[in-house]
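Visitor: Quick one: the structure is below, and I'll ask about it shortly.
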Amino acid sequence: MLIILFVIIIKKKSEIKMSENKVIVANKGLVRADFNFWVGQYMDRFYDNFEKKKLIGNKCQKCGDVFVPPRKICGKCNIVIPLEENWVDLPDTGILKNYTITPYRVNDRTSRKAKPQVLGMVQIDGSNTAIIYRLLNIKPEEVKTGMKVKIEWSEKPKGDPSDIKGFVKM
Ligand SMILES: [Zn+2]
């Protein structure tokens with residue numbers, strides 16, 4: 001009687017093992033993964049200037065394009081922009097090149113916000129690229145590409161992307 005019971009247990013264990021090998025193809029829900037990473041020497045300098053509420057970019061020594069955020073390599077000329085050279089002070093004004101209106105939070109796609117928010121692609125004056133931030137204090141129907149906007153800095157900048165709260169219409 002005891003031996004028979006033992007056999008049954010072995011068989012059940014092997015069945016469990018087989019089911020553990022199944023591949024899970026879908027999992028509903030969010031996975032939260034907090035992490036830190038270093039942004040590199042060029043972006044380090046960029047964010048350091050945020051602490052002084054200052055915007056800088058770097059300039060390709062060959063074609064003259066100005067990058068915000070700064071780049072190590074100019075994609076057009078395929079040359080390295082030296083870290084210690086070609087930094088350009090930029091104003092905190094720019095032109096809205098494009099935008100999108102979304103009812104979702106940027107970092108939380110599962111919950112809807114009551115008020116739709118506007119995300120704008122802004123080309124800082126004197127630069128050839130654009131950065132993406134929220135447009136503040138503006139109704140979606142008032143947003144127009146080509147309009148002048150200005151950075152709204154946070155009261156206590158700490159040298160990271162959140163120092164720019166967004167852009168406001170000028
Ligand atoms: Zn270039």
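By order of appearance in the structure tokens: chains A, B, ..., then residues from 1 within every chain, and ligands from 1 in the order shown.
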Find the residues around Asn128 in chain A up to 7 Å (only C-alpha atoms counted), leave out those fewer than 4 positions away in its own chain, and share them as a list in words.
Guide: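 Counting only the stated atoms, we get Asp65, Val66, Phe67 and Gln123 of chain A.
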Visitor: Filtering to C-alpha atoms, could you give me those residues as an mmCIF file, in the first residue's frame?
Guide:
```cif
data_model
loop_
_atom_site.group_PDB
_atom_site.id
_atom_site.type_symbol
_atom_site.label_atom_id
_atom_site.label_comp_id
_atom_site.auth_asym_id
_atom_site.auth_seq_id
_atom_site.Cartn_x
_atom_site.Cartn_y
_atom_site.Cartn_z
ATOM 1 C CA ASP A 65 24.446 72.846 -36.816
ATOM 2 C CA VAL A 66 23.686 73.466 -33.145
ATOM 3 C CA PHE A 67 22.362 70.557 -31.106
ATOM 4 C CA GLN A 123 13.203 74.176 -31.504
#
```
Visitor: Output the neighbourhood of ligand 1 as a list in words, that is, all protein and nucleic acid residues with some atom at most 12 Å from the ligand, counting only C-alpha atoms and all ligand atoms.
Guide: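 What falls inside 12 Å of ligand 1 is Asn58, Lys59, Cys60, Gln61, Lys62, Cys63, Gly64, Asp65, Val66, Phe67, Arg71, Lys72, Ile73, Cys74, Gly75, Lys76, Cys77, Asn78, Ile79, Val80, Ile81, Asn86 and Asn128 of chain A.
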Visitor: For the residues selected in the previous step, produce a file with N, CA and C atoms as a PDB file, in the first residue's frame.
Guide:
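Once everything was written out, this is result11.pdb:
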```pdb
ATOM      1  N   ASN A  58      25.655  72.250 -28.334  1.00  0.00           N
ATOM      2  CA  ASN A  58      26.985  72.235 -28.947  1.00  0.00           C
ATOM      3  C   ASN A  58      26.860  72.275 -30.467  1.00  0.00           C
ATOM      4  N   LYS A  59      27.948  72.789 -31.052  1.00  0.00           N
ATOM      5  CA  LYS A  59      27.923  73.123 -32.474  1.00  0.00           C
ATOM      6  C   LYS A  59      28.901  72.260 -33.257  1.00  0.00           C
ATOM      7  N   CYS A  60      28.426  71.748 -34.377  1.00  0.00           N
ATOM      8  CA  CYS A  60      29.320  70.980 -35.247  1.00  0.00           C
ATOM      9  C   CYS A  60      30.294  71.945 -35.903  1.00  0.00           C
ATOM     10  N   GLN A  61      31.585  71.640 -35.787  1.00  0.00           N
ATOM     11  CA  GLN A  61      32.606  72.547 -36.312  1.00  0.00           C
ATOM     12  C   GLN A  61      32.655  72.548 -37.832  1.00  0.00           C
ATOM     13  N   LYS A  62      31.989  71.563 -38.461  1.00  0.00           N
ATOM     14  CA  LYS A  62      32.027  71.511 -39.930  1.00  0.00           C
ATOM     15  C   LYS A  62      30.789  72.176 -40.561  1.00  0.00           C
ATOM     16  N   CYS A  63      29.583  71.693 -40.196  1.00  0.00           N
ATOM     17  CA  CYS A  63      28.372  72.230 -40.843  1.00  0.00           C
ATOM     18  C   CYS A  63      27.727  73.376 -40.059  1.00  0.00           C
ATOM     19  N   GLY A  64      28.115  73.541 -38.790  1.00  0.00           N
ATOM     20  CA  GLY A  64      27.585  74.650 -38.001  1.00  0.00           C
ATOM     21  C   GLY A  64      26.252  74.374 -37.332  1.00  0.00           C
ATOM     22  N   ASP A  65      25.711  73.174 -37.489  1.00  0.00           N
ATOM     23  CA  ASP A  65      24.446  72.846 -36.816  1.00  0.00           C
ATOM     24  C   ASP A  65      24.637  72.878 -35.298  1.00  0.00           C
ATOM     25  N   VAL A  66      23.631  73.385 -34.612  1.00  0.00           N
ATOM     26  CA  VAL A  66      23.686  73.466 -33.145  1.00  0.00           C
ATOM     27  C   VAL A  66      22.694  72.456 -32.573  1.00  0.00           C
ATOM     28  N   PHE A  67      23.186  71.637 -31.653  1.00  0.00           N
ATOM     29  CA  PHE A  67      22.362  70.557 -31.106  1.00  0.00           C
ATOM     30  C   PHE A  67      21.908  70.807 -29.670  1.00  0.00           C
ATOM     31  N   ARG A  71      25.234  66.707 -28.741  1.00  0.00           N
ATOM     32  CA  ARG A  71      25.589  65.395 -29.299  1.00  0.00           C
ATOM     33  C   ARG A  71      27.098  65.247 -29.371  1.00  0.00           C
ATOM     34  N   LYS A  72      27.529  64.014 -29.301  1.00  0.00           N
ATOM     35  CA  LYS A  72      28.958  63.739 -29.423  1.00  0.00           C
ATOM     36  C   LYS A  72      29.362  63.737 -30.902  1.00  0.00           C
ATOM     37  N   ILE A  73      28.447  63.229 -31.723  1.00  0.00           N
ATOM     38  CA  ILE A  73      28.759  63.097 -33.155  1.00  0.00           C
ATOM     39  C   ILE A  73      27.704  63.821 -33.986  1.00  0.00           C
ATOM     40  N   CYS A  74      28.155  64.572 -34.977  1.00  0.00           N
ATOM     41  CA  CYS A  74      27.216  65.174 -35.919  1.00  0.00           C
ATOM     42  C   CYS A  74      26.863  64.089 -36.942  1.00  0.00           C
ATOM     43  N   GLY A  75      25.599  63.755 -36.998  1.00  0.00           N
ATOM     44  CA  GLY A  75      25.145  62.688 -37.896  1.00  0.00           C
ATOM     45  C   GLY A  75      25.284  63.060 -39.361  1.00  0.00           C
ATOM     46  N   LYS A  76      25.217  64.349 -39.641  1.00  0.00           N
ATOM     47  CA  LYS A  76      25.321  64.820 -41.026  1.00  0.00           C
ATOM     48  C   LYS A  76      26.758  64.688 -41.538  1.00  0.00           C
ATOM     49  N   CYS A  77      27.714  65.132 -40.708  1.00  0.00           N
ATOM     50  CA  CYS A  77      29.125  65.170 -41.119  1.00  0.00           C
ATOM     51  C   CYS A  77      29.897  63.929 -40.659  1.00  0.00           C
ATOM     52  N   ASN A  78      29.277  63.180 -39.747  1.00  0.00           N
ATOM     53  CA  ASN A  78      29.917  61.985 -39.180  1.00  0.00           C
ATOM     54  C   ASN A  78      31.272  62.294 -38.540  1.00  0.00           C
ATOM     55  N   ILE A  79      31.328  63.393 -37.800  1.00  0.00           N
ATOM     56  CA  ILE A  79      32.560  63.734 -37.082  1.00  0.00           C
ATOM     57  C   ILE A  79      32.242  63.973 -35.605  1.00  0.00           C
ATOM     58  N   VAL A  80      33.264  63.751 -34.780  1.00  0.00           N
ATOM     59  CA  VAL A  80      33.100  63.954 -33.337  1.00  0.00           C
ATOM     60  C   VAL A  80      33.219  65.439 -33.012  1.00  0.00           C
ATOM     61  N   ILE A  81      32.284  65.920 -32.201  1.00  0.00           N
ATOM     62  CA  ILE A  81      32.367  67.292 -31.701  1.00  0.00           C
ATOM     63  C   ILE A  81      33.125  67.197 -30.377  1.00  0.00           C
ATOM     64  N   ASN A  86      33.248  74.145 -28.682  1.00  0.00           N
ATOM     65  CA  ASN A  86      32.020  74.384 -29.460  1.00  0.00           C
ATOM     66  C   ASN A  86      30.732  74.403 -28.654  1.00  0.00           C
ATOM     67  N   ASN A 128      19.356  73.735 -34.172  1.00  0.00           N
ATOM     68  CA  ASN A 128      18.806  73.053 -35.345  1.00  0.00           C
ATOM     69  C   ASN A 128      18.009  71.805 -34.996  1.00  0.00           C
TER      70      ASN A 128
END
```
Visitor: What does the structure give for the distance between CA of Ala130 in chain A and CA of Asp34 in chain A, in Å to one decimal?
Guide: 27.1 Å
Visitor: Could I get the residues of range 81-157 of chain A with an atom no further than 12 Å from an atom of range 36-50 of chain A, each paired with its nearest atom pair and that distance in Å to one decimal, using only C-alpha atoms, sorted by chain and residue number, as a tab-separated table?
Guide:
```
residue	atom	partner	partner_atom	distance
A:Ile81	CA	A:Tyr42	CA	10.0
A:Pro82	CA	A:Tyr42	CA	9.7
A:Leu83	CA	A:Tyr42	CA	6.7
A:Glu84	CA	A:Tyr42	CA	9.5
A:Glu85	CA	A:Tyr42	CA	11.0
A:Asn86	CA	A:Tyr42	CA	11.6
A:Trp87	CA	A:Phe46	CA	9.8
A:Val88	CA	A:Phe46	CA	10.7
A:Asp89	CA	A:Asn49	CA	9.9
A:Leu90	CA	A:Asn49	CA	11.0
A:Asp92	CA	A:Phe50	CA	10.9
A:Ile151	CA	A:Phe50	CA	11.3
A:Glu152	CA	A:Phe50	CA	11.7
A:Trp153	CA	A:Phe50	CA	8.7
A:Ser154	CA	A:Phe50	CA	9.7
A:Glu155	CA	A:Phe50	CA	11.5
A:Lys156	CA	A:Phe50	CA	10.1
A:Pro157	CA	A:Phe50	CA	6.6
```
Visitor: Give me, as a VMD selection string, the residues of range 48-140 of chain A that a backbone DSSP run labels strand (DSSP E).
Guide: chain A and resid 55 to 59 66 to 67 73 to 74 79 to 80 87 to 90 93 to 105 108 to 124 131 to 135
Visitor: So which bits of chain A end up alpha helix (DSSP H) when you DSSP the backbone, as a VMD selection string?
Guide: chain A and resid 2 to 20 41 to 50
Visitor: Write out the residues from the selection above, keeping C-alpha atoms, as a CSV table (one decimal), in the first residue's frame.
Guide:
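Wrote it out as part26.csv, contents follow:
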```csv
chain,number,residue,atom,x,y,z
A,2,LEU,CA,2.8,2.4,0.9
A,3,ILE,CA,4.8,1.6,-2.4
A,4,ILE,CA,1.8,2.5,-4.6
A,5,LEU,CA,1.3,5.8,-2.9
A,6,PHE,CA,5.0,6.6,-3.5
A,7,VAL,CA,4.6,6.0,-7.2
A,8,ILE,CA,1.7,8.3,-7.5
A,9,ILE,CA,3.6,11.1,-5.9
A,10,ILE,CA,6.5,10.8,-8.3
A,11,LYS,CA,4.1,10.9,-11.2
A,12,LYS,CA,2.4,14.0,-9.9
A,13,LYS,CA,5.8,15.8,-9.4
A,14,SER,CA,6.8,15.1,-13.0
A,15,GLU,CA,3.5,16.6,-14.2
A,16,ILE,CA,4.2,19.8,-12.3
A,17,LYS,CA,7.6,20.1,-13.8
A,18,MET,CA,6.1,19.9,-17.3
A,19,SER,CA,3.7,22.7,-16.6
A,20,GLU,CA,6.5,24.9,-15.2
A,41,GLN,CA,29.8,63.6,-20.4
A,42,TYR,CA,27.9,65.7,-22.9
A,43,MET,CA,24.5,65.4,-21.2
A,44,ASP,CA,26.2,65.9,-17.8
A,45,ARG,CA,27.3,69.3,-18.9
A,46,PHE,CA,23.9,70.1,-20.3
A,47,TYR,CA,22.1,69.2,-17.1
A,48,ASP,CA,24.7,70.9,-14.9
A,49,ASN,CA,23.7,74.2,-16.6
A,50,PHE,CA,20.1,73.5,-15.8
```
